[in-house]
>>> print(open('target-v7.csv').read())   # CSV, N, CA, C and O atoms
chain,number,residue,atom,x,y,z
A,1,MET,N,-0.2,-9.0,22.3
A,1,MET,CA,-0.3,-7.9,21.4
A,1,MET,C,-0.9,-8.5,20.1
A,1,MET,O,-0.5,-9.5,19.6
A,2,SER,N,-1.9,-7.8,19.6
A,2,SER,CA,-2.6,-8.3,18.3
A,2,SER,C,-1.8,-8.0,17.1
A,2,SER,O,-0.9,-7.1,17.1
A,3,ARG,N,-2.1,-8.6,16.0
A,3,ARG,CA,-1.4,-8.4,14.7
A,3,ARG,C,-1.6,-6.9,14.3
A,3,ARG,O,-0.6,-6.3,13.8
A,4,ASP,N,-2.8,-6.3,14.5
A,4,ASP,CA,-3.0,-4.9,14.1
A,4,ASP,C,-2.2,-4.0,15.0
A,4,ASP,O,-1.6,-3.0,14.5
A,5,GLU,N,-2.1,-4.3,16.3
A,5,GLU,CA,-1.2,-3.4,17.1
A,5,GLU,C,0.2,-3.4,16.7
A,5,GLU,O,0.9,-2.4,16.7
A,6,THR,N,0.7,-4.6,16.4
A,6,THR,CA,2.1,-4.8,15.9
A,6,THR,C,2.3,-4.0,14.6
A,6,THR,O,3.3,-3.3,14.4
A,7,ALA,N,1.4,-4.2,13.6
A,7,ALA,CA,1.5,-3.6,12.3
A,7,ALA,C,1.5,-2.1,12.4
A,7,ALA,O,2.1,-1.4,11.5
A,8,LEU,N,0.8,-1.5,13.4
A,8,LEU,CA,0.7,0.0,13.4
A,8,LEU,C,1.7,0.7,14.3
A,8,LEU,O,1.7,1.9,14.4
A,9,GLN,N,2.7,-0.1,14.7
A,9,GLN,CA,3.8,0.6,15.5
A,9,GLN,C,4.7,1.3,14.6
A,9,GLN,O,4.8,1.0,13.4
A,10,VAL,N,5.4,2.3,15.1
A,10,VAL,CA,6.4,3.1,14.3
A,10,VAL,C,7.5,2.1,14.0
A,10,VAL,O,8.0,1.4,14.9
A,11,PRO,N,7.9,2.0,12.7
A,11,PRO,CA,9.0,1.1,12.4
A,11,PRO,C,10.3,1.6,13.0
A,11,PRO,O,10.5,2.7,13.3
A,12,GLY,N,11.3,0.6,13.1
A,12,GLY,CA,12.6,1.0,13.6
A,12,GLY,C,13.4,1.7,12.5
A,12,GLY,O,12.9,2.2,11.6
A,13,ASP,N,14.7,1.6,12.6
A,13,ASP,CA,15.6,2.2,11.6
A,13,ASP,C,15.4,1.5,10.3
A,13,ASP,O,15.6,0.3,10.2
A,14,LEU,N,15.1,2.3,9.3
A,14,LEU,CA,14.9,1.7,7.9
A,14,LEU,C,16.0,2.0,7.0
A,14,LEU,O,15.9,1.7,5.8
A,15,ARG,N,17.2,2.4,7.5
A,15,ARG,CA,18.3,2.5,6.6
A,15,ARG,C,18.7,1.2,6.1
A,15,ARG,O,18.7,0.2,6.8
A,16,GLY,N,19.0,1.1,4.8
A,16,GLY,CA,19.3,-0.2,4.2
A,16,GLY,C,18.1,-1.0,3.8
A,16,GLY,O,18.2,-2.1,3.2
A,17,PHE,N,16.9,-0.5,4.1
A,17,PHE,CA,15.6,-1.2,3.6
A,17,PHE,C,15.6,-1.1,2.1
A,17,PHE,O,15.9,0.0,1.5
A,18,PRO,N,15.3,-2.2,1.4
A,18,PRO,CA,15.2,-2.1,-0.1
A,18,PRO,C,14.3,-1.0,-0.6
A,18,PRO,O,13.2,-0.8,0.0
A,19,SER,N,14.7,-0.3,-1.6
A,19,SER,CA,13.9,0.7,-2.2
A,19,SER,C,14.1,0.6,-3.7
A,19,SER,O,15.1,0.1,-4.2
A,20,THR,N,13.1,1.2,-4.4
A,20,THR,CA,13.1,1.3,-5.9
A,20,THR,C,12.7,2.7,-6.3
A,20,THR,O,11.8,3.2,-5.7
A,21,HIS,N,13.4,3.2,-7.2
A,21,HIS,CA,13.0,4.5,-7.7
A,21,HIS,C,12.4,4.3,-9.1
A,21,HIS,O,13.0,3.7,-10.0
A,22,LEU,N,11.2,4.9,-9.3
A,22,LEU,CA,10.5,4.8,-10.6
A,22,LEU,C,10.7,6.0,-11.4
A,22,LEU,O,10.8,7.1,-10.8
A,23,ARG,N,10.8,5.9,-12.7
A,23,ARG,CA,10.8,7.0,-13.6
A,23,ARG,C,9.4,7.5,-13.7
A,23,ARG,O,8.5,6.8,-13.6
A,24,LYS,N,9.3,8.8,-14.0
A,24,LYS,CA,7.9,9.4,-14.3
A,24,LYS,C,7.2,8.7,-15.4
A,24,LYS,O,6.0,8.6,-15.4
A,25,SER,N,8.0,8.1,-16.3
A,25,SER,CA,7.4,7.4,-17.5
A,25,SER,C,7.0,6.0,-17.2
A,25,SER,O,6.4,5.3,-18.0
A,26,THR,N,7.3,5.4,-16.0
A,26,THR,CA,6.9,4.1,-15.7
A,26,THR,C,5.4,3.9,-15.5
A,26,THR,O,4.8,4.6,-14.6
A,27,PRO,N,4.8,3.1,-16.3
A,27,PRO,CA,3.3,2.9,-16.1
A,27,PRO,C,3.0,2.1,-14.9
A,27,PRO,O,3.7,1.1,-14.6
A,28,LEU,N,2.0,2.5,-14.1
A,28,LEU,CA,1.6,1.7,-13.0
A,28,LEU,C,0.1,1.3,-13.1
A,28,LEU,O,-0.7,2.0,-13.8
A,29,VAL,N,-0.2,0.1,-12.6
A,29,VAL,CA,-1.6,-0.5,-12.7
A,29,VAL,C,-2.2,-0.4,-11.3
A,29,VAL,O,-1.6,-0.8,-10.3
A,30,ARG,N,-3.4,0.1,-11.2
A,30,ARG,CA,-4.1,0.1,-10.0
A,30,ARG,C,-4.7,-1.3,-9.6
A,30,ARG,O,-5.3,-1.9,-10.4
A,31,ALA,N,-4.4,-1.7,-8.4
A,31,ALA,CA,-4.8,-3.1,-8.0
A,31,ALA,C,-6.0,-2.9,-7.1
A,31,ALA,O,-5.9,-2.4,-5.9
A,32,ILE,N,-7.2,-3.3,-7.5
A,32,ILE,CA,-8.4,-3.2,-6.7
A,32,ILE,C,-9.2,-4.6,-6.9
A,32,ILE,O,-9.0,-5.3,-7.8
A,33,SER,N,-10.0,-4.9,-5.9
A,33,SER,CA,-10.8,-6.1,-5.9
A,33,SER,C,-12.0,-5.8,-6.9
A,33,SER,O,-12.4,-4.7,-7.1
A,34,LYS,N,-12.5,-6.9,-7.5
A,34,LYS,CA,-13.6,-6.8,-8.4
A,34,LYS,C,-14.8,-6.1,-7.6
A,34,LYS,O,-15.1,-6.4,-6.5
A,35,GLY,N,-15.4,-5.2,-8.3
A,35,GLY,CA,-16.6,-4.5,-7.7
A,35,GLY,C,-16.2,-3.2,-7.0
A,35,GLY,O,-17.1,-2.5,-6.6
A,36,ARG,N,-14.9,-2.9,-6.9
A,36,ARG,CA,-14.5,-1.7,-6.3
A,36,ARG,C,-14.2,-0.6,-7.3
A,36,ARG,O,-13.8,-0.9,-8.4
A,37,GLY,N,-14.5,0.6,-7.1
A,37,GLY,CA,-14.3,1.7,-8.0
A,37,GLY,C,-12.9,2.2,-8.0
A,37,GLY,O,-12.1,1.9,-7.1
A,38,PRO,N,-12.5,3.1,-8.9
A,38,PRO,CA,-11.2,3.6,-9.0
A,38,PRO,C,-10.7,4.5,-7.8
A,38,PRO,O,-9.6,4.7,-7.6
A,39,TRP,N,-11.7,5.0,-7.1
A,39,TRP,CA,-11.4,5.9,-6.0
A,39,TRP,C,-11.4,5.1,-4.6
A,39,TRP,O,-11.5,5.7,-3.6
A,40,TRP,N,-11.5,3.8,-4.7
A,40,TRP,CA,-11.5,3.0,-3.4
A,40,TRP,C,-10.1,2.9,-2.9
A,40,TRP,O,-9.2,2.5,-3.6
A,41,PHE,N,-9.9,3.2,-1.6
A,41,PHE,CA,-8.6,3.0,-0.9
A,41,PHE,C,-8.9,2.1,0.3
A,41,PHE,O,-9.8,2.3,1.1
A,42,SER,N,-8.1,1.0,0.4
A,42,SER,CA,-8.3,0.0,1.4
A,42,SER,C,-7.9,0.5,2.8
A,42,SER,O,-6.8,1.1,3.0
A,43,SER,N,-8.8,0.3,3.7
A,43,SER,CA,-8.5,0.6,5.2
A,43,SER,C,-9.2,-0.5,6.0
A,43,SER,O,-9.6,-0.3,7.1
A,44,SER,N,-9.2,-1.7,5.4
A,44,SER,CA,-9.8,-2.8,6.1
A,44,SER,C,-8.9,-3.6,7.0
A,44,SER,O,-9.3,-4.7,7.5
A,45,GLY,N,-7.7,-3.1,7.3
A,45,GLY,CA,-6.9,-3.8,8.3
A,45,GLY,C,-5.8,-4.7,7.7
A,45,GLY,O,-5.2,-5.5,8.4
A,46,GLY,N,-5.6,-4.6,6.4
A,46,GLY,CA,-4.6,-5.4,5.7
A,46,GLY,C,-3.2,-5.0,6.2
A,46,GLY,O,-3.0,-3.9,6.9
A,47,ARG,N,-2.2,-5.7,5.8
A,47,ARG,CA,-0.9,-5.5,6.3
A,47,ARG,C,-0.4,-4.1,6.1
A,47,ARG,O,0.3,-3.5,6.9
A,48,PHE,N,-0.7,-3.5,5.0
A,48,PHE,CA,-0.2,-2.1,4.6
A,48,PHE,C,-1.3,-1.1,4.7
A,48,PHE,O,-1.0,0.1,4.3
A,49,ASP,N,-2.5,-1.4,5.1
A,49,ASP,CA,-3.6,-0.5,5.1
A,49,ASP,C,-3.4,0.6,6.1
A,49,ASP,O,-3.1,0.3,7.3
A,50,LEU,N,-3.7,1.9,5.7
A,50,LEU,CA,-3.8,3.0,6.6
A,50,LEU,C,-5.2,2.9,7.3
A,50,LEU,O,-6.1,2.5,6.7
A,51,PRO,N,-5.3,3.3,8.5
A,51,PRO,CA,-6.6,3.3,9.2
A,51,PRO,C,-7.5,4.4,8.6
A,51,PRO,O,-7.1,5.4,8.1
A,52,GLU,N,-8.8,4.2,8.8
A,52,GLU,CA,-9.8,5.2,8.3
A,52,GLU,C,-9.6,6.5,9.1
A,52,GLU,O,-9.2,6.4,10.2
A,53,PRO,N,-9.8,7.6,8.5
A,53,PRO,CA,-10.5,7.9,7.2
A,53,PRO,C,-9.5,7.8,6.1
A,53,PRO,O,-9.8,8.2,5.0
A,54,TYR,N,-8.3,7.4,6.3
A,54,TYR,CA,-7.3,7.3,5.2
A,54,TYR,C,-7.4,5.9,4.6
A,54,TYR,O,-8.2,5.1,5.0
A,55,GLY,N,-6.6,5.6,3.6
A,55,GLY,CA,-6.6,4.3,3.0
A,55,GLY,C,-5.4,4.1,2.2
A,55,GLY,O,-4.6,5.0,2.0
A,56,THR,N,-5.2,2.9,1.7
A,56,THR,CA,-4.0,2.6,0.9
A,56,THR,C,-4.3,2.3,-0.5
A,56,THR,O,-5.3,1.6,-0.8
A,57,CYS,N,-3.6,2.9,-1.4
A,57,CYS,CA,-3.7,2.7,-2.9
A,57,CYS,C,-2.7,1.7,-3.3
A,57,CYS,O,-1.5,1.9,-3.2
A,58,TYR,N,-3.1,0.5,-3.7
A,58,TYR,CA,-2.2,-0.5,-4.1
A,58,TYR,C,-1.9,-0.4,-5.6
A,58,TYR,O,-2.8,-0.3,-6.5
A,59,LEU,N,-0.6,-0.4,-6.0
A,59,LEU,CA,-0.2,-0.3,-7.3
A,59,LEU,C,0.8,-1.4,-7.7
A,59,LEU,O,1.5,-1.9,-6.8
A,60,ALA,N,0.9,-1.7,-9.0
A,60,ALA,CA,1.8,-2.7,-9.5
A,60,ALA,C,2.4,-2.2,-10.8
A,60,ALA,O,1.9,-1.3,-11.4
A,61,ASP,N,3.4,-2.9,-11.2
A,61,ASP,CA,4.0,-2.4,-12.5
A,61,ASP,C,3.6,-3.3,-13.7
A,61,ASP,O,4.0,-3.1,-14.8
A,62,ASP,N,2.6,-4.2,-13.4
A,62,ASP,CA,2.0,-5.0,-14.5
A,62,ASP,C,0.6,-5.5,-14.1
A,62,ASP,O,0.4,-5.6,-12.9
A,63,ALA,N,-0.2,-5.8,-15.0
A,63,ALA,CA,-1.6,-6.2,-14.7
A,63,ALA,C,-1.7,-7.5,-14.0
A,63,ALA,O,-2.6,-7.8,-13.2
A,64,GLN,N,-0.7,-8.4,-14.3
A,64,GLN,CA,-0.8,-9.8,-13.7
A,64,GLN,C,-0.5,-9.7,-12.2
A,64,GLN,O,-1.1,-10.5,-11.5
A,65,THR,N,0.3,-8.8,-11.7
A,65,THR,CA,0.6,-8.7,-10.3
A,65,THR,C,-0.7,-8.3,-9.6
A,65,THR,O,-1.0,-8.8,-8.5
>>> encode(input="target-v7.csv", output="structure tokens")
Amino acid sequence: MSRDETALQVPGDLRGFPSTHLRKSTPLVRAISKGRGPWWFSSSGGRFDLPEPYGTCYLADDAQT
């Protein structure tokens, strides 16, 4: 089984999986590669990327991340 096939399987029971709740006032920073526009969503097969025609928006809570 390839890495992509494993990553795209339905996850098991996620009860107890760590979670964080953000306040509406929490600023988020968009994480994109140099040369990408603000409406670019990754679907290139990364660990958390959704397959095309969808994509993943990567966010962080600070610019350094």
>>> residues_around(input="target-v7.csv", residues="Thr65 (chain A)", least_positions_apart="6", cutoff="8 Å", atoms="only N, CA, C and O atoms", output="list in words")
Val29, Arg30, Ala31 and Leu59 of chain A
>>> atom_distance(input="target-v7.csv", atom1="atom N of Phe17 (chain A)", atom2="atom N of Gly46 (chain A)")
23.0 Å
>>> closest_residue(input="target-v7.csv", among="A:Leu22, A:Gln9, A:Cys57, A:Leu14", to="Trp40 (chain A)", atoms="only N, CA, C and O atoms")
A:Cys57
>>> residues_around(input="target-v7.csv", residues="Glu52 (chain A)", least_positions_apart="4", cutoff="10 Å", atoms="only C-alpha atoms", output="VMD selection string")
chain A and resid 41 to 45 56
>>> write_last_selection(input="target-v7.csv", atoms="N, CA, C and O atoms", output="PDB file, in the frame of the given file")
ATOM      1  N   PHE A  41      -9.900   3.200  -1.600  1.00  0.00           N
ATOM      2  CA  PHE A  41      -8.600   3.000  -0.900  1.00  0.00           C
ATOM      3  C   PHE A  41      -8.900   2.100   0.300  1.00  0.00           C
ATOM      4  O   PHE A  41      -9.800   2.300   1.100  1.00  0.00           O
ATOM      5  N   SER A  42      -8.100   1.000   0.400  1.00  0.00           N
ATOM      6  CA  SER A  42      -8.300   0.000   1.400  1.00  0.00           C
ATOM      7  C   SER A  42      -7.900   0.500   2.800  1.00  0.00           C
ATOM      8  O   SER A  42      -6.800   1.100   3.000  1.00  0.00           O
ATOM      9  N   SER A  43      -8.800   0.300   3.700  1.00  0.00           N
ATOM     10  CA  SER A  43      -8.500   0.600   5.200  1.00  0.00           C
ATOM     11  C   SER A  43      -9.200  -0.500   6.000  1.00  0.00           C
ATOM     12  O   SER A  43      -9.600  -0.300   7.100  1.00  0.00           O
ATOM     13  N   SER A  44      -9.200  -1.700   5.400  1.00  0.00           N
ATOM     14  CA  SER A  44      -9.800  -2.800   6.100  1.00  0.00           C
ATOM     15  C   SER A  44      -8.900  -3.600   7.000  1.00  0.00           C
ATOM     16  O   SER A  44      -9.300  -4.700   7.500  1.00  0.00           O
ATOM     17  N   GLY A  45      -7.700  -3.100   7.300  1.00  0.00           N
ATOM     18  CA  GLY A  45      -6.900  -3.800   8.300  1.00  0.00           C
ATOM     19  C   GLY A  45      -5.800  -4.700   7.700  1.00  0.00           C
ATOM     20  O   GLY A  45      -5.200  -5.500   8.400  1.00  0.00           O
ATOM     21  N   THR A  56      -5.200   2.900   1.700  1.00  0.00           N
ATOM     22  CA  THR A  56      -4.000   2.600   0.900  1.00  0.00           C
ATOM     23  C   THR A  56      -4.300   2.300  -0.500  1.00  0.00           C
ATOM     24  O   THR A  56      -5.300   1.600  -0.800  1.00  0.00           O
TER      25      THR A  56
END
>>> select_by_dssp(input="target-v7.csv", residues="region 4-37 of chain A", states="alpha helix (DSSP H)", output="PyMOL selection string")
chain A and resi 4-7
>>> axis_aligned_box(input="target-v7.csv", around="region 49-53 of chain A", padding_each_side="8 Å", output="AutoDock Vina command-line options")
--center_x -6.5 --center_y 3.4 --center_z 7.6 --size_x 24.0 --size_y 25.6 --size_z 21.2
>>> atom_distance(input="target-v7.csv", atom1="CA of Gly12 (chain A)", atom2="CA of Leu50 (chain A)")
17.9 Å
>>> atom_distance(input="target-v7.csv", atom1="CA of Arg36 (chain A)", atom2="CA of Ser19 (chain A)")
28.8 Å
